[in-house]
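S.K.: TSV, C-alpha atoms, file start24.tsv:
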chain	number	residue	atom	x	y	z
C	1	MET	CA	151.97	-134.66	16.89
C	2	LYS	CA	153.86	-133.90	20.08
C	3	ARG	CA	152.05	-132.96	23.26
C	4	LEU	CA	151.92	-129.17	23.66
C	5	LYS	CA	152.32	-127.61	27.08
C	6	VAL	CA	149.67	-124.88	27.02
C	7	ALA	CA	148.79	-122.12	29.48
C	8	PHE	CA	146.08	-119.48	29.74
C	9	PHE	CA	146.57	-116.31	31.74
C	10	SER	CA	143.99	-113.62	32.38
C	11	LEU	CA	144.99	-110.05	33.15
C	12	THR	CA	142.51	-107.17	33.54
C	13	CYS	CA	139.40	-108.45	31.74
C	14	ASP	CA	136.15	-110.34	32.16
C	15	GLU	CA	137.73	-113.68	31.12
C	16	GLY	CA	135.35	-113.96	28.17
C	17	CYS	CA	138.07	-115.44	25.98
C	18	SER	CA	138.82	-118.16	28.51
C	19	VAL	CA	135.13	-118.99	28.81
C	20	ASN	CA	134.87	-119.05	25.01
C	21	PHE	CA	137.87	-121.38	24.82
C	22	LEU	CA	136.13	-123.76	27.22
C	23	GLU	CA	133.12	-123.71	24.90
C	24	LEU	CA	135.44	-124.36	21.96
C	25	LEU	CA	136.79	-127.43	23.79
C	26	ASN	CA	133.26	-128.86	23.67
C	27	LYS	CA	133.80	-129.13	19.91
C	28	LYS	CA	137.52	-129.93	19.74
C	29	TYR	CA	138.30	-131.82	22.96
C	30	GLU	CA	138.22	-135.35	21.50
C	31	GLU	CA	140.46	-134.25	18.65
C	32	TRP	CA	142.94	-132.33	20.83
C	33	LYS	CA	142.89	-134.12	24.22
C	34	ASP	CA	145.91	-136.35	23.58
C	35	PHE	CA	148.00	-133.42	22.37
C	36	LEU	CA	147.43	-130.79	25.08
C	37	GLU	CA	148.82	-130.57	28.58
C	38	PHE	CA	147.55	-127.54	30.50
C	39	LYS	CA	150.27	-125.98	32.67
C	40	ALA	CA	148.02	-123.13	33.80
C	41	PHE	CA	144.34	-122.34	33.23
C	42	ARG	CA	142.58	-121.07	36.32
C	43	LEU	CA	139.09	-121.83	34.99
C	44	ILE	CA	139.80	-125.57	34.85
C	45	GLN	CA	142.56	-126.26	37.38
C	46	GLU	CA	144.13	-124.91	40.53
C	47	LYS	CA	147.77	-125.68	39.77
C	48	GLU	CA	149.74	-123.12	37.85
C	49	GLU	CA	153.14	-124.11	36.57
C	50	LEU	CA	155.11	-121.20	35.22
C	51	LYS	CA	157.94	-123.08	33.51
C	52	ASP	CA	158.67	-124.94	30.30
C	53	ILE	CA	155.56	-123.79	28.38
C	54	ASP	CA	155.18	-124.25	24.64
C	55	LEU	CA	152.16	-122.03	23.98
C	56	VAL	CA	150.62	-119.30	26.14
C	57	PHE	CA	147.36	-117.51	25.52
C	58	VAL	CA	147.07	-114.18	27.37
C	59	GLU	CA	143.80	-112.31	27.61
C	60	GLY	CA	143.23	-108.90	29.14
C	61	ALA	CA	144.87	-105.51	29.32
C	62	VAL	CA	147.94	-104.81	31.43
C	63	SER	CA	146.85	-102.55	34.28
C	64	SER	CA	149.44	-103.00	37.03
C	65	GLU	CA	153.14	-103.53	37.70
C	66	LYS	CA	152.23	-106.99	39.00
C	67	GLU	CA	150.70	-107.87	35.61
C	68	LYS	CA	153.74	-106.45	33.79
C	69	GLU	CA	156.06	-108.62	35.87
C	70	LEU	CA	153.88	-111.69	35.32
C	71	LEU	CA	154.00	-111.10	31.56
C	72	LYS	CA	157.78	-110.84	31.61
C	73	LYS	CA	157.98	-114.15	33.49
C	74	ILE	CA	155.53	-115.73	31.04
C	75	ARG	CA	157.64	-114.59	28.07
C	76	LYS	CA	160.83	-116.00	29.61
C	77	VAL	CA	159.39	-119.50	30.06
C	78	SER	CA	157.27	-119.71	26.90
C	79	LYS	CA	158.16	-120.57	23.33
C	80	LYS	CA	155.14	-118.81	21.83
C	81	VAL	CA	152.78	-116.15	23.22
C	82	VAL	CA	149.36	-115.39	21.74
C	83	ALA	CA	147.50	-112.19	22.59
C	84	LEU	CA	143.93	-113.39	22.87
C	85	GLY	CA	141.11	-110.94	22.17
C	86	SER	CA	140.73	-107.19	21.94
C	87	CYS	CA	141.80	-106.45	25.53
C	88	ALA	CA	145.17	-108.14	25.07
C	89	ILE	CA	145.69	-106.79	21.55
C	90	SER	CA	144.75	-103.14	22.11
C	91	GLY	CA	144.23	-102.73	25.84
C	92	SER	CA	140.64	-101.76	25.15
C	93	PRO	CA	138.21	-101.21	26.83
C	94	SER	CA	140.41	-100.89	29.94
C	95	ASN	CA	142.55	-98.35	28.12
C	96	MET	CA	139.64	-95.93	27.81
C	97	ARG	CA	141.06	-94.18	30.87
C	98	ASN	CA	144.16	-93.39	28.80
C	99	PHE	CA	142.03	-90.84	26.94
C	100	PHE	CA	140.26	-89.16	29.86
C	101	ASP	CA	140.50	-85.39	30.26
C	102	LYS	CA	142.71	-83.95	33.04
C	103	GLU	CA	139.80	-83.43	35.44
C	104	THR	CA	138.64	-87.04	35.15
C	105	LEU	CA	142.22	-88.32	35.47
C	106	GLU	CA	142.62	-86.37	38.71
C	107	GLU	CA	139.34	-87.80	39.94
C	108	ILE	CA	140.37	-91.42	39.34
C	109	LYS	CA	144.00	-91.02	40.45
C	110	PRO	CA	143.28	-92.10	44.08
C	111	ILE	CA	141.47	-95.20	42.83
C	112	LEU	CA	144.31	-96.16	40.49
C	113	SER	CA	146.76	-95.66	43.34
C	114	LYS	CA	144.67	-97.61	45.86
C	115	PHE	CA	144.55	-100.68	43.60
C	116	GLY	CA	148.11	-100.41	42.30
C	117	HIS	CA	147.13	-99.65	38.73
C	118	LEU	CA	149.46	-98.14	36.16
C	119	GLU	CA	148.78	-94.61	34.99
C	120	LYS	CA	147.84	-96.05	31.58
C	121	ALA	CA	146.42	-99.44	30.63
C	122	LEU	CA	148.63	-101.28	28.12
C	123	SER	CA	148.27	-104.01	25.54
C	124	VAL	CA	150.25	-107.23	25.98
C	125	LYS	CA	152.55	-106.31	23.08
C	126	ASP	CA	153.36	-103.00	24.82
C	127	VAL	CA	155.15	-105.12	27.44
C	128	ILE	CA	156.44	-108.28	25.71
C	129	LYS	CA	156.96	-109.78	22.26
C	130	VAL	CA	153.79	-111.43	20.97
C	131	ASP	CA	153.97	-114.18	18.34
C	132	GLU	CA	150.30	-114.21	17.31
C	133	GLU	CA	147.11	-112.24	17.83
C	134	VAL	CA	143.59	-113.63	17.88
C	135	HIS	CA	141.05	-110.85	17.38
C	136	GLY	CA	137.57	-110.42	18.77
C	137	CYS	CA	135.72	-109.75	21.97
C	138	PRO	CA	135.56	-112.45	23.01
C	139	MET	CA	138.15	-114.07	20.76
C	140	LEU	CA	137.04	-115.36	17.39
C	141	GLU	CA	136.61	-119.11	17.58
C	142	GLU	CA	137.81	-119.91	14.06
C	143	GLU	CA	140.97	-117.82	14.48
C	144	THR	CA	141.68	-119.57	17.78
C	145	ILE	CA	141.26	-122.99	16.19
C	146	LYS	CA	143.63	-122.03	13.35
C	147	VAL	CA	146.30	-120.83	15.79
C	148	MET	CA	145.98	-123.87	18.04
C	149	GLU	CA	146.09	-126.30	15.12
C	150	LYS	CA	149.05	-124.48	13.57
C	151	TYR	CA	151.06	-124.96	16.76
C	152	LEU	CA	149.84	-128.51	17.26
C	153	LYS	CA	151.07	-129.32	13.75
C	154	GLU	CA	154.38	-127.48	14.18
C	155	GLY	CA	154.95	-128.78	17.68
C	156	VAL	CA	156.05	-125.23	18.46
Render the structure in this file as structure tokens.

M.R.:
Amino acid sequence: MKRLKVAFFSLTCDEGCSVNFLELLNKKYEEWKDFLEFKAFRLIQEKEELKDIDLVFVEGAVSSEKEKELLKKIRKVSKKVVALGSCAISGSPSNMRNFFDKETLEEIKPILSKFGHLEKALSVKDVIKVDEEVHGCPMLEEETIKVMEKYLKEGV
């Protein structure tokens, strides 16, 4: 198997999927360690290299223009993108504001503006092409293992 250049990016979320992936590495690290090179994963390293990436996992909803632009950059430099967990797949629960009544929307408008948030929270696939989805909140471990091993075997 070839060495995969892997990255993890967190948008608007609690980073539960990233934490779960770290837990998953407790089980799979010895098996995978010689085949993974992390280009970005803020929970385990400071450096973030946004180029020449084989496989990207993105967790979280898209809540700002800054996150939209980051996603577009990620897509340009990545061979495969995986939406990781419910936030990335559906935008939920961050997208709950998308369904607020007019009065509540007016009430939160200054807050959204202050923090540079979009009017509506989006899923990752609302912004870029996604190659795979891993469901769950946090992500389902077995699905994540299947996706990772599929791309390890294929070499992306």

S.K.: By how many Å are CA of Asp34 (chain C) and CA of Tyr151 (chain C) apart?

M.R.: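 Computed distance, CA of Asp34 (chain C) to CA of Tyr151 (chain C), equals 14.2 Å.
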
S.K.: If we count all atoms listed in the file and set the cut-off at 12 Å, which residues sit around Phe99 (chain C), ignoring sequence neighbours fewer than 5 positions away in its own chain? Please answer as a PDB file with C-alpha atoms, in the coordinates of the input.

M.R.:
ATOM      1  CA  SER C  92     140.640-101.760  25.150  1.00  0.00           C
ATOM      2  CA  PRO C  93     138.210-101.210  26.830  1.00  0.00           C
ATOM      3  CA  SER C  94     140.410-100.890  29.940  1.00  0.00           C
ATOM      4  CA  THR C 104     138.640 -87.040  35.150  1.00  0.00           C
ATOM      5  CA  LEU C 105     142.220 -88.320  35.470  1.00  0.00           C
ATOM      6  CA  GLU C 119     148.780 -94.610  34.990  1.00  0.00           C
ATOM      7  CA  LYS C 120     147.840 -96.050  31.580  1.00  0.00           C
ATOM      8  CA  ALA C 121     146.420 -99.440  30.630  1.00  0.00           C
TER       9      ALA C 121
END

S.K.: Quick one: pull the distance between CA of Gly16 (chain C) and CA of Val82 (chain C), Å, one decimal.

M.R.: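 If I compute the distance from CA of Gly16 (chain C) to CA of Val82 (chain C), I get 15.5 Å.
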
S.K.: Can you tell me, as a PyMOL selection string, which residues sit within 12 Å of (143.9, -103.5, 43.0) in the file's frame, using only C-alpha atoms?

M.R.: chain C and resi 11-12+63-67+110-118

S.K.: Filtering to C-alpha atoms, could you give me those residues as a PDB file, keeping the file's coordinate frame?

M.R.:
ATOM      1  CA  LEU C  11     144.990-110.050  33.150  1.00  0.00           C
ATOM      2  CA  THR C  12     142.510-107.170  33.540  1.00  0.00           C
ATOM      3  CA  SER C  63     146.850-102.550  34.280  1.00  0.00           C
ATOM      4  CA  SER C  64     149.440-103.000  37.030  1.00  0.00           C
ATOM      5  CA  GLU C  65     153.140-103.530  37.700  1.00  0.00           C
ATOM      6  CA  LYS C  66     152.230-106.990  39.000  1.00  0.00           C
ATOM      7  CA  GLU C  67     150.700-107.870  35.610  1.00  0.00           C
ATOM      8  CA  PRO C 110     143.280 -92.100  44.080  1.00  0.00           C
ATOM      9  CA  ILE C 111     141.470 -95.200  42.830  1.00  0.00           C
ATOM     10  CA  LEU C 112     144.310 -96.160  40.490  1.00  0.00           C
ATOM     11  CA  SER C 113     146.760 -95.660  43.340  1.00  0.00           C
ATOM     12  CA  LYS C 114     144.670 -97.610  45.860  1.00  0.00           C
ATOM     13  CA  PHE C 115     144.550-100.680  43.600  1.00  0.00           C
ATOM     14  CA  GLY C 116     148.110-100.410  42.300  1.00  0.00           C
ATOM     15  CA  HIS C 117     147.130 -99.650  38.730  1.00  0.00           C
ATOM     16  CA  LEU C 118     149.460 -98.140  36.160  1.00  0.00           C
TER      17      LEU C 118
END

S.K.: Please report the interatomic distance between CA of Met139 (chain C) and CA of Leu43 (chain C) in Å with one decimal.

M.R.: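 Between CA of Met139 (chain C) and CA of Leu43 (chain C) the gap works out to 16.2 Å.
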
S.K.: Let me make sure I understand: among C:Glu59, C:Asp126, C:Asp14, C:Glu132, which one has the smallest atom-to-atom distance to Lys150 (chain C) if we use all atoms listed in the file?

M.R.: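 Among C:Glu59, C:Asp126, C:Asp14, C:Glu132, it is C:Glu132 that comes nearest to Lys150 (chain C).
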
S.K.: Quick one: everything within 9 Å of Val19 (chain C), counting only C-alpha atoms, minus sequence neighbours fewer than 4 positions away in the same chain. Send it as a VMD selection string.

M.R.: chain C and resid 15 23 to 24 43 138

S.K.: May I have the residues within 8 Å of Gly91 (chain C) as a PDB file with C-alpha atoms, in the coordinates of the input, using only C-alpha atoms and disregarding those fewer than 6 positions away in the same chain?

M.R.:
ATOM      1  CA  GLY C  60     143.230-108.900  29.140  1.00  0.00           C
ATOM      2  CA  ALA C  61     144.870-105.510  29.320  1.00  0.00           C
ATOM      3  CA  VAL C  62     147.940-104.810  31.430  1.00  0.00           C
ATOM      4  CA  ALA C 121     146.420 -99.440  30.630  1.00  0.00           C
ATOM      5  CA  LEU C 122     148.630-101.280  28.120  1.00  0.00           C
ATOM      6  CA  SER C 123     148.270-104.010  25.540  1.00  0.00           C
ATOM      7  CA  VAL C 124     150.250-107.230  25.980  1.00  0.00           C
TER       8      VAL C 124
END

S.K.: Considering only C-alpha atoms, return as number ranges by chain whatever protein or nucleic-acid residues lie within 9 Å of Arg3 (chain C), sequence-local ones (same chain, fewer than 2 positions apart) excluded.

M.R.: C: 1, 5, 34-37, 152, 155

S.K.: May I have the protein, DNA and RNA residues with any atom at most 7 Å from the point (154.2, -121.1, 29.9), counting only C-alpha atoms, written as a list in words?

M.R.: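 Residues close enough to count: Val6, Ala7, Lys39, Leu50, Lys51, Asp52, Ile53, Asp54, Leu55, Val56, Ile74, Val77 and Ser78 of chain C.
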
S.K.: From the options C:Leu22, C:Ser10, C:Val58, C:Lys47, which residue's atoms come nearest to Arg75 (chain C), counting all atoms listed in the file?

M.R.: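 Ranked by minimum distance to Arg75 (chain C), first place goes to C:Val58.
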
S.K.: Fewer than 2 positions away in the same chain doesn't count, so skip those; otherwise give me all residues within 12 Å of Lys28 (chain C), counting only C-alpha atoms, as an MDAnalysis selection string.

M.R.: chainID C and resid 21:26 30:36 141:142 144:146 148:149
